[in-house]
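The file target-v5.pdb contains PDB, C-alpha atoms, pLDDT in the B column:
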```
ATOM      1  CA  MET A   1     187.820 201.503 117.883  1.00 62.00           C
ATOM      2  CA  HIS A   2     188.398 199.853 121.260  1.00 80.00           C
ATOM      3  CA  GLU A   3     188.684 196.450 119.582  1.00 85.00           C
ATOM      4  CA  GLN A   4     191.418 197.739 117.261  1.00 81.00           C
ATOM      5  CA  THR A   5     193.257 199.335 120.160  1.00 84.00           C
ATOM      6  CA  ALA A   6     192.922 196.189 122.274  1.00 89.00           C
ATOM      7  CA  HIS A   7     194.233 194.066 119.411  1.00 89.00           C
ATOM      8  CA  ALA A   8     197.194 196.410 118.822  1.00 88.00           C
ATOM      9  CA  LEU A   9     198.060 196.512 122.521  1.00 90.00           C
ATOM     10  CA  LEU A  10     197.948 192.727 122.857  1.00 93.00           C
ATOM     11  CA  ALA A  11     200.052 192.305 119.733  1.00 92.00           C
ATOM     12  CA  LEU A  12     202.643 194.718 121.129  1.00 94.00           C
ATOM     13  CA  TYR A  13     202.615 193.063 124.532  1.00 95.00           C
ATOM     14  CA  SER A  14     203.094 189.642 122.921  1.00 96.00           C
ATOM     15  CA  GLN A  15     206.259 190.949 121.283  1.00 95.00           C
ATOM     16  CA  VAL A  16     207.495 192.742 124.377  1.00 96.00           C
ATOM     17  CA  ALA A  17     206.843 189.686 126.571  1.00 97.00           C
ATOM     18  CA  THR A  18     209.691 187.949 124.733  1.00 96.00           C
ATOM     19  CA  LEU A  19     211.999 190.103 126.883  1.00 96.00           C
ATOM     20  CA  LYS A  20     211.133 187.684 129.696  1.00 97.00           C
ATOM     21  CA  LEU A  21     213.067 185.032 127.770  1.00 96.00           C
ATOM     22  CA  LEU A  22     215.924 187.177 126.440  1.00 96.00           C
ATOM     23  CA  PRO A  23     219.038 186.741 128.589  1.00 96.00           C
ATOM     24  CA  ARG A  24     221.339 189.659 129.310  1.00 96.00           C
ATOM     25  CA  THR A  25     224.216 188.946 126.959  1.00 94.00           C
ATOM     26  CA  GLY A  26     227.018 190.559 128.951  1.00 92.00           C
ATOM     27  CA  TRP A  27     226.545 188.090 131.776  1.00 95.00           C
ATOM     28  CA  LEU A  28     226.509 185.147 129.364  1.00 93.00           C
ATOM     29  CA  GLN A  29     229.776 186.322 127.811  1.00 92.00           C
ATOM     30  CA  ARG A  30     231.374 186.126 131.238  1.00 92.00           C
ATOM     31  CA  GLY A  31     230.236 182.582 131.907  1.00 93.00           C
ATOM     32  CA  VAL A  32     227.433 183.338 134.350  1.00 95.00           C
ATOM     33  CA  ALA A  33     224.844 180.548 134.423  1.00 92.00           C
ATOM     34  CA  GLY A  34     221.141 181.223 134.837  1.00 94.00           C
ATOM     35  CA  VAL A  35     221.426 184.895 133.912  1.00 96.00           C
ATOM     36  CA  GLU A  36     218.686 187.430 134.373  1.00 97.00           C
ATOM     37  CA  SER A  37     216.438 188.294 131.452  1.00 97.00           C
ATOM     38  CA  VAL A  38     216.076 191.771 129.985  1.00 97.00           C
ATOM     39  CA  ALA A  39     212.611 191.916 131.580  1.00 98.00           C
ATOM     40  CA  GLU A  40     214.067 191.115 135.003  1.00 98.00           C
ATOM     41  CA  HIS A  41     216.610 193.894 134.542  1.00 98.00           C
ATOM     42  CA  THR A  42     213.865 196.302 133.476  1.00 98.00           C
ATOM     43  CA  TYR A  43     211.834 195.407 136.555  1.00 98.00           C
ATOM     44  CA  GLY A  44     214.879 196.098 138.727  1.00 98.00           C
ATOM     45  CA  VAL A  45     215.438 199.498 137.111  1.00 98.00           C
ATOM     46  CA  ALA A  46     211.738 200.366 137.496  1.00 98.00           C
ATOM     47  CA  MET A  47     211.717 199.369 141.184  1.00 98.00           C
ATOM     48  CA  LEU A  48     214.877 201.372 141.824  1.00 98.00           C
ATOM     49  CA  ALA A  49     213.276 204.316 139.989  1.00 98.00           C
ATOM     50  CA  LEU A  50     210.233 204.134 142.232  1.00 97.00           C
ATOM     51  CA  LEU A  51     212.288 203.969 145.428  1.00 96.00           C
ATOM     52  CA  ALA A  52     215.063 206.395 144.502  1.00 96.00           C
ATOM     53  CA  GLY A  53     212.622 208.759 142.804  1.00 95.00           C
ATOM     54  CA  ASP A  54     210.693 209.052 146.047  1.00 92.00           C
ATOM     55  CA  ALA A  55     213.963 209.622 147.941  1.00 93.00           C
ATOM     56  CA  VAL A  56     215.029 212.359 145.501  1.00 95.00           C
ATOM     57  CA  GLY A  57     211.657 214.081 145.310  1.00 88.00           C
ATOM     58  CA  GLY A  58     210.548 216.755 142.868  1.00 95.00           C
ATOM     59  CA  LEU A  59     210.313 214.360 139.926  1.00 96.00           C
ATOM     60  CA  ASP A  60     207.341 213.260 137.868  1.00 97.00           C
ATOM     61  CA  ARG A  61     206.818 209.704 139.137  1.00 96.00           C
ATOM     62  CA  GLY A  62     204.746 208.609 136.133  1.00 97.00           C
ATOM     63  CA  LYS A  63     207.363 209.896 133.712  1.00 98.00           C
ATOM     64  CA  LEU A  64     210.158 208.337 135.746  1.00 98.00           C
ATOM     65  CA  LEU A  65     208.505 204.911 135.745  1.00 98.00           C
ATOM     66  CA  ALA A  66     207.530 205.146 132.071  1.00 98.00           C
ATOM     67  CA  ILE A  67     211.131 205.891 131.100  1.00 98.00           C
ATOM     68  CA  ALA A  68     212.368 203.018 133.264  1.00 98.00           C
ATOM     69  CA  LEU A  69     209.942 200.621 131.590  1.00 98.00           C
ATOM     70  CA  LEU A  70     210.734 201.878 128.077  1.00 97.00           C
ATOM     71  CA  HIS A  71     214.514 202.208 128.342  1.00 97.00           C
ATOM     72  CA  ASP A  72     215.368 198.739 126.906  1.00 96.00           C
ATOM     73  CA  LEU A  73     212.197 198.138 124.898  1.00 97.00           C
ATOM     74  CA  ALA A  74     214.071 198.197 121.565  1.00 96.00           C
ATOM     75  CA  GLU A  75     215.823 195.000 122.648  1.00 96.00           C
ATOM     76  CA  THR A  76     212.569 193.234 121.777  1.00 96.00           C
ATOM     77  CA  LEU A  77     213.696 193.441 118.137  1.00 95.00           C
ATOM     78  CA  LEU A  78     217.448 194.080 118.462  1.00 93.00           C
ATOM     79  CA  GLY A  79     218.358 191.688 121.229  1.00 91.00           C
ATOM     80  CA  ASP A  80     220.613 192.643 124.111  1.00 91.00           C
ATOM     81  CA  LEU A  81     223.706 194.242 122.629  1.00 89.00           C
ATOM     82  CA  PRO A  82     226.666 193.823 124.991  1.00 85.00           C
ATOM     83  CA  ALA A  83     229.240 196.572 125.479  1.00 83.00           C
ATOM     84  CA  SER A  84     231.567 194.808 123.010  1.00 84.00           C
ATOM     85  CA  ALA A  85     228.968 195.095 120.234  1.00 86.00           C
ATOM     86  CA  ARG A  86     228.262 198.724 121.095  1.00 84.00           C
ATOM     87  CA  ARG A  87     231.984 199.531 120.822  1.00 89.00           C
ATOM     88  CA  ILE A  88     232.088 198.008 117.340  1.00 94.00           C
ATOM     89  CA  ILE A  89     228.905 199.472 115.847  1.00 93.00           C
ATOM     90  CA  GLY A  90     229.217 202.844 117.582  1.00 92.00           C
ATOM     91  CA  ALA A  91     226.811 204.875 119.677  1.00 87.00           C
ATOM     92  CA  GLU A  92     225.158 206.639 116.740  1.00 91.00           C
ATOM     93  CA  SER A  93     224.410 203.403 114.851  1.00 93.00           C
ATOM     94  CA  LYS A  94     223.043 201.838 118.017  1.00 91.00           C
ATOM     95  CA  HIS A  95     220.831 204.871 118.640  1.00 92.00           C
ATOM     96  CA  ILE A  96     219.470 204.832 115.079  1.00 94.00           C
ATOM     97  CA  ALA A  97     218.762 201.095 115.228  1.00 94.00           C
ATOM     98  CA  GLU A  98     217.008 201.429 118.582  1.00 95.00           C
ATOM     99  CA  ARG A  99     214.872 204.302 117.311  1.00 96.00           C
ATOM    100  CA  ARG A 100     213.865 202.266 114.231  1.00 97.00           C
ATOM    101  CA  ALA A 101     213.044 199.239 116.371  1.00 96.00           C
ATOM    102  CA  LEU A 102     210.852 201.341 118.643  1.00 96.00           C
ATOM    103  CA  GLU A 103     209.095 202.996 115.719  1.00 96.00           C
ATOM    104  CA  GLU A 104     208.274 199.547 114.353  1.00 95.00           C
ATOM    105  CA  LEU A 105     207.208 198.142 117.712  1.00 95.00           C
ATOM    106  CA  LEU A 106     205.020 201.113 118.574  1.00 95.00           C
ATOM    107  CA  ALA A 107     203.572 201.664 115.092  1.00 93.00           C
ATOM    108  CA  HIS A 108     199.982 200.841 116.106  1.00 90.00           C
ATOM    109  CA  THR A 109     200.086 202.051 119.691  1.00 89.00           C
ATOM    110  CA  PRO A 110     197.876 205.045 120.545  1.00 86.00           C
ATOM    111  CA  ASP A 111     200.604 206.715 122.635  1.00 91.00           C
ATOM    112  CA  ARG A 112     203.359 206.021 120.114  1.00 93.00           C
ATOM    113  CA  GLU A 113     204.696 209.580 119.905  1.00 96.00           C
ATOM    114  CA  ARG A 114     204.736 210.056 123.675  1.00 97.00           C
ATOM    115  CA  TYR A 115     206.595 206.761 124.181  1.00 97.00           C
ATOM    116  CA  LEU A 116     209.111 207.644 121.462  1.00 97.00           C
ATOM    117  CA  GLN A 117     209.647 211.051 123.063  1.00 97.00           C
ATOM    118  CA  LEU A 118     210.206 209.490 126.506  1.00 97.00           C
ATOM    119  CA  TRP A 119     212.694 207.003 125.058  1.00 97.00           C
ATOM    120  CA  ALA A 120     214.489 209.849 123.245  1.00 97.00           C
ATOM    121  CA  GLU A 121     214.698 211.731 126.564  1.00 97.00           C
ATOM    122  CA  TYR A 122     216.318 208.659 128.094  1.00 97.00           C
ATOM    123  CA  ALA A 123     218.737 208.200 125.210  1.00 95.00           C
ATOM    124  CA  ASP A 124     219.734 211.880 125.268  1.00 95.00           C
ATOM    125  CA  GLY A 125     219.528 212.445 129.022  1.00 95.00           C
ATOM    126  CA  GLY A 126     217.005 215.174 128.207  1.00 95.00           C
ATOM    127  CA  SER A 127     215.233 215.362 131.569  1.00 97.00           C
ATOM    128  CA  ALA A 128     215.981 214.853 135.238  1.00 97.00           C
ATOM    129  CA  GLU A 129     213.850 211.713 135.172  1.00 98.00           C
ATOM    130  CA  ALA A 130     215.817 210.322 132.216  1.00 98.00           C
ATOM    131  CA  ARG A 131     219.171 211.082 133.842  1.00 97.00           C
ATOM    132  CA  LEU A 132     218.106 209.391 137.068  1.00 98.00           C
ATOM    133  CA  VAL A 133     216.981 206.284 135.162  1.00 98.00           C
ATOM    134  CA  LYS A 134     220.313 206.210 133.295  1.00 97.00           C
ATOM    135  CA  GLY A 135     222.126 206.219 136.609  1.00 97.00           C
ATOM    136  CA  LEU A 136     219.814 203.602 138.073  1.00 98.00           C
ATOM    137  CA  ASP A 137     220.381 201.394 135.031  1.00 97.00           C
ATOM    138  CA  ARG A 138     224.041 201.356 136.032  1.00 96.00           C
ATOM    139  CA  ILE A 139     223.218 200.813 139.719  1.00 98.00           C
ATOM    140  CA  GLU A 140     220.991 197.855 138.848  1.00 98.00           C
ATOM    141  CA  MET A 141     223.860 196.319 136.891  1.00 97.00           C
ATOM    142  CA  LEU A 142     226.101 196.653 139.963  1.00 97.00           C
ATOM    143  CA  VAL A 143     223.435 195.092 142.188  1.00 98.00           C
ATOM    144  CA  GLN A 144     223.250 192.162 139.784  1.00 97.00           C
ATOM    145  CA  ALA A 145     227.037 191.855 139.540  1.00 97.00           C
ATOM    146  CA  LEU A 146     227.223 191.673 143.330  1.00 97.00           C
ATOM    147  CA  ALA A 147     224.513 188.993 143.409  1.00 97.00           C
ATOM    148  CA  TYR A 148     226.353 186.934 140.780  1.00 97.00           C
ATOM    149  CA  GLU A 149     229.644 187.269 142.632  1.00 96.00           C
ATOM    150  CA  ARG A 150     228.002 186.188 145.878  1.00 95.00           C
ATOM    151  CA  ALA A 151     226.721 183.149 143.969  1.00 95.00           C
ATOM    152  CA  GLY A 152     230.308 182.237 143.082  1.00 94.00           C
ATOM    153  CA  ASN A 153     231.004 183.974 139.760  1.00 93.00           C
ATOM    154  CA  ARG A 154     234.526 185.368 139.628  1.00 89.00           C
ATOM    155  CA  ASN A 155     234.816 186.932 136.146  1.00 88.00           C
ATOM    156  CA  LEU A 156     233.000 190.192 136.887  1.00 93.00           C
ATOM    157  CA  ALA A 157     235.706 192.539 138.201  1.00 92.00           C
ATOM    158  CA  GLU A 158     235.479 194.746 135.104  1.00 91.00           C
ATOM    159  CA  PHE A 159     231.976 195.835 136.151  1.00 92.00           C
ATOM    160  CA  TRP A 160     233.459 197.353 139.303  1.00 95.00           C
ATOM    161  CA  HIS A 161     236.454 199.242 137.846  1.00 91.00           C
ATOM    162  CA  ASP A 162     234.723 202.624 137.738  1.00 90.00           C
ATOM    163  CA  ALA A 163     231.814 201.884 140.068  1.00 91.00           C
ATOM    164  CA  GLU A 164     232.441 204.967 142.188  1.00 89.00           C
ATOM    165  CA  GLN A 165     233.339 207.204 139.244  1.00 89.00           C
ATOM    166  CA  GLY A 166     231.242 209.144 136.754  1.00 88.00           C
ATOM    167  CA  TRP A 167     228.458 210.190 139.096  1.00 93.00           C
ATOM    168  CA  ASN A 168     227.561 213.854 138.844  1.00 88.00           C
ATOM    169  CA  ASP A 169     226.144 215.980 141.644  1.00 92.00           C
ATOM    170  CA  GLU A 170     222.581 216.059 140.301  1.00 95.00           C
ATOM    171  CA  PHE A 171     221.569 212.918 142.208  1.00 96.00           C
ATOM    172  CA  PRO A 172     223.786 212.290 145.261  1.00 96.00           C
ATOM    173  CA  ILE A 173     221.740 209.133 145.938  1.00 97.00           C
ATOM    174  CA  LEU A 174     223.410 207.467 142.933  1.00 97.00           C
ATOM    175  CA  ARG A 175     226.905 208.028 144.314  1.00 96.00           C
ATOM    176  CA  ALA A 176     225.743 206.805 147.735  1.00 96.00           C
ATOM    177  CA  LEU A 177     224.189 203.660 146.255  1.00 97.00           C
ATOM    178  CA  ALA A 178     227.357 202.901 144.286  1.00 97.00           C
ATOM    179  CA  ALA A 179     229.542 203.448 147.362  1.00 96.00           C
ATOM    180  CA  ASP A 180     227.314 201.171 149.427  1.00 97.00           C
ATOM    181  CA  LEU A 181     227.507 198.428 146.804  1.00 97.00           C
ATOM    182  CA  VAL A 182     231.299 198.718 146.612  1.00 96.00           C
ATOM    183  CA  ALA A 183     231.479 198.519 150.413  1.00 96.00           C
ATOM    184  CA  GLN A 184     229.280 195.418 150.391  1.00 96.00           C
ATOM    185  CA  ARG A 185     231.509 193.846 147.757  1.00 95.00           C
ATOM    186  CA  ASP A 186     234.622 194.663 149.742  1.00 91.00           C
ATOM    187  CA  GLY A 187     233.016 193.143 152.830  1.00 87.00           C
ATOM    188  CA  SER A 188     232.995 196.386 154.756  1.00 58.00           C
ATOM    189  CA  ASP A 189     229.224 196.770 154.843  1.00 53.00           C
TER     190      ASP A 189
END
```
As structure tokens, please, write out the structure in this file.
Amino acid sequence: MHEQTAHALLALYSQVATLKLLPRTGWLQRGVAGVESVAEHTYGVAMLALLAGDAVGGLDRGKLLAIALLHDLAETLLGDLPASARRIIGAESKHIAERRALEELLAHTPDRERYLQLWAEYADGGSAEARLVKGLDRIEMLVQALAYERAGNRNLAEFWHDAEQGWNDEFPILRALAADLVAQRDGSD
């Protein structure tokens, strides 16, 4: 039994490890050279989840980190769909495709149902942990946009248009992080 599980886990990890090589498409479309990989983005979201989760308190840390690590896992099979592709195929089609990709990826994983449920929570914003990770996914994108701009990229203004908008009152830390990033960008840090 352990040999089968070990084999299945290594097979899954071998697939997932390709995220280390998969560039984030949105940055490529804007002419950024040497863009981060999906795995680098996921690491950033997970680190922010650890730090912000501790600042927020009252959350299940294990669940928070699991959701952060799982949130883009479907990209292993689907690739990184930029916002332009999502606008064309629609949110429902994207959701269905991601669910199918995860079901395929996790088919032989012992915790398959739990992982699928955590991903569904993320996709639907079904828990406080999932909603925080969704917000941190956006914050991580802003952190990366700022880093690329500081490196000389000038085609990223669209990422900042609504940077201080759309934050609800559930996690004031998200609004504060966004405001700090905007201030850094504006040079008033």
Residues near A:Arg154, cut-off 10 Å, only C-alpha atoms, skip fewer than 2 positions along chain, as JSON, numbers by chain: {"A": [30, 31, 32, 145, 148, 149, 150, 151, 152, 156, 157]}
I'd like the contact shell of A:Gly53 - 12 Å cut-off, all atoms listed in the file, skipping same-chain residues fewer than 4 positions apart - returned as JSON, numbers by chain. {"A": [45, 46, 47, 48, 49, 57, 58, 59, 60, 61, 62, 63, 64, 65, 68, 128, 129, 130, 131, 132, 133, 135, 136, 171, 172, 173, 174]}
Do a neighbour search on A:Arg138 at 12 Å with all atoms listed in the file, toss out local chain neighbours closer than 4 positions, and write the hits as a list in words. His41, Thr42, Gly44, Val45, Leu48, Ala49, Arg131, Leu132, Val133, Lys134, Leu142, Val143, Gln144, Ala145, Phe159, Trp160, Asp162, Ala163, Glu164, Gln165, Gly166, Trp167, Leu174, Arg175, Leu177, Ala178 and Leu181 of chain A
If you apply the PyMOL selection byres ((chain A and resi 80-94) around 9) to this file, what residues do you get, as a ChimeraX atom specification? /A:22-27,29,38,72,74-76,78-79,95-99
As a check of understanding: the span from atom CA of A:Glu40 to atom CA of A:Lys20 is 7.0 Å
Exercise: A:Arg112 partners within 12 Å, all atoms listed in the file, chain neighbours under 3 positions left out, as a list in words: Ala8, Leu9, Leu12, Leu70, Arg99, Leu102, Glu103, Glu104, Leu105, Leu106, Ala107, His108, Thr109, Tyr115, Leu116, Gln117, Leu118 and Trp119 of chain A
Counting all atoms listed in the file, figure out which residue out of A:Glu36, A:His71, A:His7, A:Thr18 gets nearest to A:Gly125. A:His71
Smallest atom-to-atom distance to A:Arg185: which of A:Leu50, A:Ala147, A:Ala33, A:Leu10, using all atoms listed in the file?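 Smallest separation from A:Arg185 among the options: A:Ala147.
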Exercise on stretch 146-155 of chain A, axis-aligned box with 3 Å per side, report centre and edge lengths in Å to one decimal, as JSON:
```
{"center_x": 229.7, "center_y": 187.0, "center_z": 141.0, "size_x": 16.3, "size_y": 15.4, "size_z": 15.7}
```
Suppose you want the space between atom CA of A:Ser37 and atom CA of A:Ala120; what is it in Å? 23.1 Å
Just give me the gap between atom CA of A:Leu146 and atom CA of A:Leu51 in Å, one decimal is fine. 19.5 Å
Select, from A:Ala176, A:Glu170, A:Leu73, A:Glu121, the residue with the minimum atom-to-atom distance to A:Ile139, counting only C-alpha atoms. A:Ala176
